[in-house]
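Content type CSV, C-alpha atoms, from the file structure.csv:
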```
chain,number,residue,atom,x,y,z
A,1,MET,CA,-0.9,-7.8,21.0
A,2,LYS,CA,-0.1,-8.4,17.3
A,3,VAL,CA,-2.6,-7.9,14.5
A,4,LEU,CA,-1.8,-8.8,11.0
A,5,VAL,CA,-3.8,-6.9,8.3
A,6,ALA,CA,-4.1,-8.4,4.9
A,7,THR,CA,-3.2,-5.3,3.0
A,8,LYS,CA,-0.5,-2.7,2.4
A,9,ASN,CA,-3.2,0.1,2.0
A,10,PRO,CA,-2.3,2.7,4.6
A,11,GLY,CA,-6.0,3.8,5.1
A,12,LYS,CA,-7.1,0.2,5.8
A,13,ILE,CA,-4.2,-0.4,8.2
A,14,GLU,CA,-4.9,2.8,10.1
A,15,GLY,CA,-8.6,2.0,10.3
A,16,ALA,CA,-7.8,-1.4,11.8
A,17,LYS,CA,-5.3,0.1,14.2
A,18,GLN,CA,-7.8,2.7,15.5
A,19,ALA,CA,-10.4,0.0,16.0
A,20,PHE,CA,-8.2,-2.4,17.9
A,21,GLU,CA,-6.7,0.4,20.0
A,22,LYS,CA,-10.1,1.2,21.4
A,23,TYR,CA,-10.3,-2.2,23.1
A,24,PHE,CA,-6.8,-3.5,23.5
A,25,ASP,CA,-3.5,-2.3,24.9
A,26,ASN,CA,-0.1,-2.4,23.2
A,27,VAL,CA,-1.5,-3.1,19.7
A,28,GLN,CA,1.1,-3.8,17.0
A,29,ILE,CA,-0.2,-3.7,13.5
A,30,GLU,CA,1.6,-5.2,10.5
A,31,GLY,CA,0.3,-4.9,7.0
A,32,ILE,CA,1.0,-7.8,4.7
A,33,SER,CA,-0.3,-8.0,1.1
A,34,ALA,CA,-2.7,-11.0,0.7
A,35,SER,CA,-4.8,-11.9,-2.3
A,36,SER,CA,-8.5,-11.7,-2.2
A,37,ASN,CA,-8.9,-14.3,-5.0
A,38,VAL,CA,-11.8,-12.2,-6.4
A,39,GLY,CA,-11.9,-9.6,-9.2
A,40,ASN,CA,-10.6,-6.1,-8.8
A,41,GLN,CA,-14.1,-4.9,-8.3
A,42,PRO,CA,-15.9,-7.2,-5.9
A,43,ILE,CA,-19.7,-7.3,-6.4
A,44,ASN,CA,-22.3,-8.5,-3.9
A,45,GLN,CA,-21.2,-11.8,-2.2
A,46,GLU,CA,-17.7,-11.4,-3.6
A,47,ILE,CA,-17.1,-8.6,-1.1
A,48,LEU,CA,-17.2,-10.9,2.0
A,49,LEU,CA,-15.7,-13.8,0.1
A,50,GLY,CA,-12.7,-11.6,-0.8
A,51,ALA,CA,-12.3,-10.5,2.8
A,52,LYS,CA,-12.4,-14.2,4.0
A,53,ASN,CA,-9.9,-15.2,1.3
A,54,ARG,CA,-7.5,-12.5,2.4
A,55,VAL,CA,-7.6,-13.8,6.0
A,56,LYS,CA,-7.1,-17.4,4.8
A,57,ASN,CA,-4.1,-16.3,2.5
A,58,LEU,CA,-2.7,-14.1,5.3
A,59,LYS,CA,-2.7,-17.0,7.8
A,60,GLU,CA,-1.0,-19.3,5.3
A,61,TYR,CA,1.7,-16.6,4.7
A,62,ALA,CA,2.2,-16.2,8.5
A,63,ILE,CA,2.5,-19.9,9.0
A,64,ASN,CA,5.0,-20.3,6.1
A,65,ASN,CA,7.1,-17.4,7.4
A,66,ASN,CA,6.9,-18.2,11.2
A,67,ILE,CA,5.0,-15.0,12.0
A,68,GLU,CA,2.8,-15.2,15.1
A,69,ALA,CA,-0.2,-13.0,15.6
A,70,ASP,CA,-3.2,-12.7,18.0
A,71,PHE,CA,-5.5,-11.6,15.2
A,72,TYR,CA,-5.6,-12.0,11.4
A,73,VAL,CA,-7.8,-9.4,9.8
A,74,SER,CA,-8.8,-8.0,6.4
A,75,SER,CA,-11.1,-5.5,4.7
A,76,GLU,CA,-12.6,-5.7,1.3
A,77,ALA,CA,-14.5,-2.9,-0.4
A,78,GLY,CA,-17.1,-3.5,-3.1
A,79,ILE,CA,-20.4,-2.6,-4.6
A,80,THR,CA,-23.7,-4.2,-3.8
A,81,ASP,CA,-27.3,-3.9,-4.9
A,82,LEU,CA,-28.6,-6.5,-2.5
A,83,LEU,CA,-30.7,-3.8,-0.8
A,84,GLY,CA,-32.2,-2.7,-4.1
A,85,GLU,CA,-29.8,0.3,-4.8
A,86,TRP,CA,-26.1,0.3,-5.6
A,87,ILE,CA,-23.9,1.1,-2.6
A,88,ASP,CA,-20.3,0.8,-1.8
A,89,ILE,CA,-19.4,-1.0,1.5
A,90,ASN,CA,-16.4,-2.4,3.3
A,91,ALA,CA,-16.7,-5.9,4.7
A,92,VAL,CA,-14.1,-7.0,7.3
A,93,VAL,CA,-13.2,-10.3,8.7
A,94,ILE,CA,-11.4,-10.8,12.1
A,95,GLU,CA,-10.0,-14.2,13.1
A,96,ASP,CA,-8.3,-15.0,16.4
A,97,THR,CA,-5.7,-17.7,17.0
A,98,LYS,CA,-8.4,-20.2,17.9
A,99,GLY,CA,-10.0,-19.8,14.5
A,100,PHE,CA,-13.0,-17.9,15.8
A,101,GLN,CA,-14.1,-15.6,13.0
A,102,SER,CA,-16.4,-12.6,12.9
A,103,VAL,CA,-17.5,-10.2,10.2
A,104,GLY,CA,-18.6,-6.6,10.1
A,105,THR,CA,-19.5,-4.0,7.5
A,106,SER,CA,-19.1,-0.3,7.2
A,107,GLN,CA,-21.9,2.1,6.4
A,108,GLY,CA,-22.4,2.4,2.7
A,109,PHE,CA,-22.6,5.2,0.2
A,110,PRO,CA,-24.7,5.3,-2.9
A,111,ILE,CA,-23.3,4.9,-6.4
A,112,PRO,CA,-25.2,6.5,-9.2
A,113,ASP,CA,-26.6,4.0,-11.7
A,114,LYS,CA,-25.0,5.8,-14.6
A,115,TYR,CA,-21.5,4.7,-13.4
A,116,ILE,CA,-22.3,1.0,-12.6
A,117,LYS,CA,-21.4,-0.5,-16.0
A,118,GLU,CA,-18.0,1.3,-16.1
A,119,ILE,CA,-17.3,0.4,-12.4
A,120,LYS,CA,-18.0,-3.3,-13.1
A,121,GLU,CA,-15.7,-3.2,-16.1
A,122,THR,CA,-12.8,-1.5,-14.1
A,123,GLU,CA,-13.3,-0.6,-10.5
A,124,LEU,CA,-14.8,2.2,-8.4
A,125,GLY,CA,-11.5,3.9,-7.6
A,126,LYS,CA,-10.6,4.3,-11.2
A,127,VAL,CA,-14.0,5.7,-12.2
A,128,MET,CA,-13.9,8.1,-9.3
A,129,ASP,CA,-10.4,9.2,-10.2
A,130,LYS,CA,-11.7,9.9,-13.8
A,131,ILE,CA,-14.9,11.7,-12.7
A,132,PHE,CA,-13.2,13.9,-10.0
A,133,SER,CA,-9.8,14.3,-11.7
A,134,GLY,CA,-8.3,12.8,-8.6
A,135,LYS,CA,-5.2,10.6,-8.2
A,136,GLU,CA,-5.7,7.3,-6.3
A,137,LEU,CA,-8.7,8.5,-4.3
A,138,GLY,CA,-9.0,4.8,-3.2
A,139,LYS,CA,-5.8,5.2,-1.1
A,140,GLY,CA,-5.4,7.1,2.1
A,141,LYS,CA,-8.5,9.1,2.9
A,142,GLY,CA,-10.4,7.6,-0.1
A,143,GLY,CA,-13.0,8.8,-2.5
A,144,ILE,CA,-15.6,9.0,0.3
A,145,SER,CA,-13.6,11.8,1.8
A,146,PHE,CA,-14.0,13.7,-1.4
A,147,LEU,CA,-17.7,12.9,-1.6
A,148,THR,CA,-18.5,14.0,2.0
A,149,LYS,CA,-16.3,17.1,1.8
A,150,ASP,CA,-13.8,15.6,4.3
A,151,GLU,CA,-16.5,14.6,6.8
A,152,ILE,CA,-15.9,10.8,6.5
A,153,SER,CA,-12.7,9.2,5.3
A,154,ARG,CA,-11.8,5.6,4.2
A,155,ILE,CA,-10.1,5.3,7.6
A,156,ASP,CA,-13.5,6.0,9.3
A,157,LEU,CA,-15.4,3.5,7.2
A,158,THR,CA,-12.7,0.8,7.8
A,159,ARG,CA,-12.4,1.6,11.5
A,160,ASN,CA,-16.2,1.3,12.0
A,161,ALA,CA,-16.4,-1.9,10.0
A,162,PHE,CA,-13.6,-3.4,12.3
A,163,ILE,CA,-15.5,-2.2,15.4
A,164,MET,CA,-18.6,-4.0,14.2
A,165,ALA,CA,-16.7,-7.2,13.7
A,166,LEU,CA,-14.9,-6.8,17.1
A,167,THR,CA,-18.3,-7.0,18.9
A,168,LYS,CA,-18.1,-10.8,18.9
A,169,HIS,CA,-14.5,-10.7,20.2
A,170,ILE,CA,-14.8,-8.0,22.9
A,171,ASN,CA,-18.0,-9.4,24.5
A,172,GLY,CA,-17.0,-13.0,24.9
A,173,GLU,CA,-19.6,-15.7,25.1
A,174,THR,CA,-22.4,-13.1,25.6
A,175,TRP,CA,-22.4,-12.1,21.9
A,176,ARG,CA,-21.2,-15.3,20.2
```
Could I get this structure in the form of structure tokens?
Amino acid sequence: MKVLVATKNPGKIEGAKQAFEKYFDNVQIEGISASSNVGNQPINQEILLGAKNRVKNLKEYAINNNIEADFYVSSEAGITDLLGEWIDINAVVIEDTKGFQSVGTSQGFPIPDKYIKEIKETELGKVMDKIFSGKELGKGKGGISFLTKDEISRIDLTRNAFIMALTKHINGETWR
């Protein structure tokens, strides 16, 4: 089974790989950079829109380059206050070869209000790098690994979001 992931980010690719390997055999993952067509710091509805745009752009790339896949997937992180507090979440989109699409999200972590303005002007990863004197906390294990003292990584958040989206694919018509 071939899965194309709309990113070159190793943490997101590994999260997708771990999720698909829980339910499918012989999973081959390939990361291909695809644009989200939203800003560097997605906010609220832009999070899911960015993930959907990445899948659309990934599919176009695959068609134009004669790359076949069983699934086209993406993950987009962003900040939202739709629940009344600022949190960072990952939204994922999974689309199969028949065009059936499902979405899922990760658990979210709180963002202190004092950083929101700066995050909106730049992006969460850059602000976290500045605050914690880190280097590219948004890559690999991610800033969440730092915040949770290595209890949860970006890979964990991404894997769990993919598992949530996979519920519509692994349960057939029962959960569609």
Please report as a tab-separated table every residue of region 58-120 of chain A lying within 12 Å of region 12-33 of chain A, along with the nearest atom pair and their distance in Å (one decimal), using only C-alpha atoms.
```
residue	atom	partner	partner_atom	distance
A:Leu58	CA	A:Ile32	CA	7.3
A:Lys59	CA	A:Ile32	CA	10.4
A:Glu60	CA	A:Ile32	CA	11.7
A:Tyr61	CA	A:Ile32	CA	8.8
A:Ala62	CA	A:Ile32	CA	9.3
A:Asn65	CA	A:Ile32	CA	11.7
A:Ile67	CA	A:Glu30	CA	10.5
A:Glu68	CA	A:Glu30	CA	11.1
A:Ala69	CA	A:Gln28	CA	9.4
A:Asp70	CA	A:Val27	CA	9.9
A:Phe71	CA	A:Ile29	CA	9.7
A:Tyr72	CA	A:Glu30	CA	9.9
A:Val73	CA	A:Ala16	CA	8.2
A:Ser74	CA	A:Lys12	CA	8.4
A:Ser75	CA	A:Lys12	CA	7.0
A:Glu76	CA	A:Lys12	CA	9.2
A:Ala77	CA	A:Lys12	CA	10.1
A:Asn90	CA	A:Lys12	CA	10.0
A:Ala91	CA	A:Lys12	CA	11.4
A:Val92	CA	A:Ala16	CA	9.6
A:Val93	CA	A:Ala16	CA	10.9
A:Ile94	CA	A:Ala16	CA	10.1
A:Ser106	CA	A:Gly15	CA	11.2
```
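Here CA of Arg154 (chain A) stands at a distance of 6.1 Å from CA of Gly11 (chain A).
When CA of Gly78 (chain A) is paired with CA of Lys168 (chain A), their separation reads 23.2 Å.
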Discussion item. So the first atom is CA of Leu166 (chain A) and the second is CA of Gly39 (chain A); what is the distance between them in Å, to one decimal place?
Written reply: 26.6 Å
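Among A:Ala6, A:Thr174, A:Ser133, A:Val127, the residue with the shortest atom-to-atom distance to Asn57 (chain A), counting all atoms listed in the file, is A:Ala6.
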